[in-house]
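Note sheet for the following structure.
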Amino acid sequence: MENKKIKASSWVLGIILILSAAVLVMFYCVGFSDWDSTLNLTAPRYTGLLLVWQYVLVALTALFILGFGLVNGIKNMGYKGDKGAKSGFFGIVFLVTVVIIVVSFFMAGTKAVRLGDESLYSNVSMLKLTDVCLYSIYALAVLAIISALLSMTGIFKSKK
């Protein structure tokens, strides 16, 4: 049974890898579209496809993290010892991530940004989304570095 699960996940991972490679080849190798007068740039033809694929991958990742985190937390709720402690740790990590994203949302601004051609970019929703992503990445990167340093010190080792 376990071998079938591993084989199925390997197939799914392989399909996602092939699709990602195809989108990247289309993005980098097909060529450029017409001149974009709003940005004064030429963009690769499949920029939109690449962005949509990235959104799909981020959404799938968030969905699986949320789904497996909730299922694992519910399954191991009554366990004592190592298994219960590990699932409780995953719950804490998930909660911290959600808090960071919510705080980032409230910190994000909507002030217009000056582009390279001296024009102003003022799409409020994209400015807000960009700030949320940047603040979340900064906070999570700092927490990842801190947790890596703490784990190297041996603080998180289980005592048997």
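Labels used: A, B, ... for chains in the order of the structure tokens, numbers from 1 for residues in each chain, and numbers from 1 for ligands as shown.
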Just want the 12 Å neighbourhood of segment 12-22 of chain A, counted on only C-alpha atoms, with same-chain residues fewer than 2 positions away dropped. Output as a PDB file with N, CA and C atoms, in the first residue's frame.
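Generated file (selection_25.pdb):
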```pdb
ATOM      1  N   LYS A   5       1.394   4.524  -2.868  1.00  0.00           N
ATOM      2  CA  LYS A   5       1.302   5.950  -2.577  1.00  0.00           C
ATOM      3  C   LYS A   5       2.548   6.674  -3.072  1.00  0.00           C
ATOM      4  N   ILE A   6       3.711   6.097  -2.832  1.00  0.00           N
ATOM      5  CA  ILE A   6       4.955   6.717  -3.270  1.00  0.00           C
ATOM      6  C   ILE A   6       5.008   6.765  -4.787  1.00  0.00           C
ATOM      7  N   LYS A   7       4.587   5.696  -5.450  1.00  0.00           N
ATOM      8  CA  LYS A   7       4.598   5.650  -6.903  1.00  0.00           C
ATOM      9  C   LYS A   7       3.635   6.691  -7.482  1.00  0.00           C
ATOM     10  N   ALA A   8       2.452   6.833  -6.883  1.00  0.00           N
ATOM     11  CA  ALA A   8       1.473   7.814  -7.363  1.00  0.00           C
ATOM     12  C   ALA A   8       2.000   9.233  -7.192  1.00  0.00           C
ATOM     13  N   SER A   9       2.606   9.528  -6.058  1.00  0.00           N
ATOM     14  CA  SER A   9       3.138  10.874  -5.854  1.00  0.00           C
ATOM     15  C   SER A   9       4.320  11.146  -6.778  1.00  0.00           C
ATOM     16  N   SER A  10       5.095  10.121  -7.091  1.00  0.00           N
ATOM     17  CA  SER A  10       6.192  10.296  -8.046  1.00  0.00           C
ATOM     18  C   SER A  10       5.657  10.613  -9.434  1.00  0.00           C
ATOM     19  N   LEU A  24       8.302  26.711 -19.315  1.00  0.00           N
ATOM     20  CA  LEU A  24       9.547  27.481 -19.341  1.00  0.00           C
ATOM     21  C   LEU A  24      10.178  27.518 -20.732  1.00  0.00           C
ATOM     22  N   VAL A  25      10.142  26.397 -21.443  1.00  0.00           N
ATOM     23  CA  VAL A  25      10.672  26.378 -22.813  1.00  0.00           C
ATOM     24  C   VAL A  25       9.858  27.312 -23.698  1.00  0.00           C
ATOM     25  N   MET A  26       8.535  27.269 -23.554  1.00  0.00           N
ATOM     26  CA  MET A  26       7.686  28.168 -24.339  1.00  0.00           C
ATOM     27  C   MET A  26       7.985  29.625 -23.997  1.00  0.00           C
ATOM     28  N   PHE A  27       8.213  29.915 -22.738  1.00  0.00           N
ATOM     29  CA  PHE A  27       8.468  31.289 -22.306  1.00  0.00           C
ATOM     30  C   PHE A  27       9.796  31.804 -22.856  1.00  0.00           C
ATOM     31  N   TYR A  28      10.855  31.004 -22.737  1.00  0.00           N
ATOM     32  CA  TYR A  28      12.185  31.478 -23.109  1.00  0.00           C
ATOM     33  C   TYR A  28      12.530  31.296 -24.589  1.00  0.00           C
ATOM     34  N   CYS A  29      11.938  30.324 -25.256  1.00  0.00           N
ATOM     35  CA  CYS A  29      12.424  29.967 -26.592  1.00  0.00           C
ATOM     36  C   CYS A  29      11.505  30.341 -27.748  1.00  0.00           C
ATOM     37  N   VAL A  30      10.273  30.715 -27.510  1.00  0.00           N
ATOM     38  CA  VAL A  30       9.355  30.940 -28.623  1.00  0.00           C
ATOM     39  C   VAL A  30       9.556  32.304 -29.257  1.00  0.00           C
ATOM     40  N   TYR A  46       4.660  34.097 -24.084  1.00  0.00           N
ATOM     41  CA  TYR A  46       3.921  33.286 -23.116  1.00  0.00           C
ATOM     42  C   TYR A  46       4.129  33.745 -21.678  1.00  0.00           C
ATOM     43  N   LEU A  49       0.983  32.877 -19.684  1.00  0.00           N
ATOM     44  CA  LEU A  49       0.920  31.453 -19.356  1.00  0.00           C
ATOM     45  C   LEU A  49       1.851  31.118 -18.196  1.00  0.00           C
ATOM     46  N   LEU A  50       3.057  31.689 -18.210  1.00  0.00           N
ATOM     47  CA  LEU A  50       4.004  31.438 -17.126  1.00  0.00           C
ATOM     48  C   LEU A  50       3.452  31.950 -15.800  1.00  0.00           C
ATOM     49  N   LEU A  51       2.866  33.140 -15.806  1.00  0.00           N
ATOM     50  CA  LEU A  51       2.304  33.687 -14.570  1.00  0.00           C
ATOM     51  C   LEU A  51       1.139  32.846 -14.057  1.00  0.00           C
ATOM     52  N   VAL A  52       0.262  32.423 -14.968  1.00  0.00           N
ATOM     53  CA  VAL A  52      -0.868  31.583 -14.557  1.00  0.00           C
ATOM     54  C   VAL A  52      -0.366  30.258 -13.992  1.00  0.00           C
ATOM     55  N   TRP A  53       0.646  29.661 -14.620  1.00  0.00           N
ATOM     56  CA  TRP A  53       1.197  28.397 -14.126  1.00  0.00           C
ATOM     57  C   TRP A  53       1.807  28.576 -12.736  1.00  0.00           C
ATOM     58  N   GLN A  54       2.491  29.702 -12.522  1.00  0.00           N
ATOM     59  CA  GLN A  54       3.043  29.960 -11.198  1.00  0.00           C
ATOM     60  C   GLN A  54       1.936  30.123 -10.163  1.00  0.00           C
ATOM     61  N   VAL A  56      -0.992  28.729 -10.291  1.00  0.00           N
ATOM     62  CA  VAL A  56      -1.544  27.385 -10.076  1.00  0.00           C
ATOM     63  C   VAL A  56      -0.655  26.596  -9.125  1.00  0.00           C
ATOM     64  N   LEU A  57       0.657  26.661  -9.323  1.00  0.00           N
ATOM     65  CA  LEU A  57       1.576  25.926  -8.451  1.00  0.00           C
ATOM     66  C   LEU A  57       1.527  26.443  -7.015  1.00  0.00           C
ATOM     67  N   LEU A  60      -1.825  25.247  -5.524  1.00  0.00           N
ATOM     68  CA  LEU A  60      -1.770  23.820  -5.205  1.00  0.00           C
ATOM     69  C   LEU A  60      -0.919  23.560  -3.965  1.00  0.00           C
ATOM     70  N   THR A  61       0.216  24.238  -3.873  1.00  0.00           N
ATOM     71  CA  THR A  61       1.085  24.072  -2.709  1.00  0.00           C
ATOM     72  C   THR A  61       0.368  24.499  -1.432  1.00  0.00           C
TER      73      THR A  61
END
```
Practice item. Grab the atom CA of Leu143 of chain A to atom CA of Gly109 of chain A distance for me, in Å with one decimal place. Key: 22.8 Å
Exercise for review: Name all residues at most 12 Å from Val98 of chain A (count only C-alpha atoms; drop same-chain ones fewer than 3 positions away) and give them as a count of residues only.
Suggested key: 17
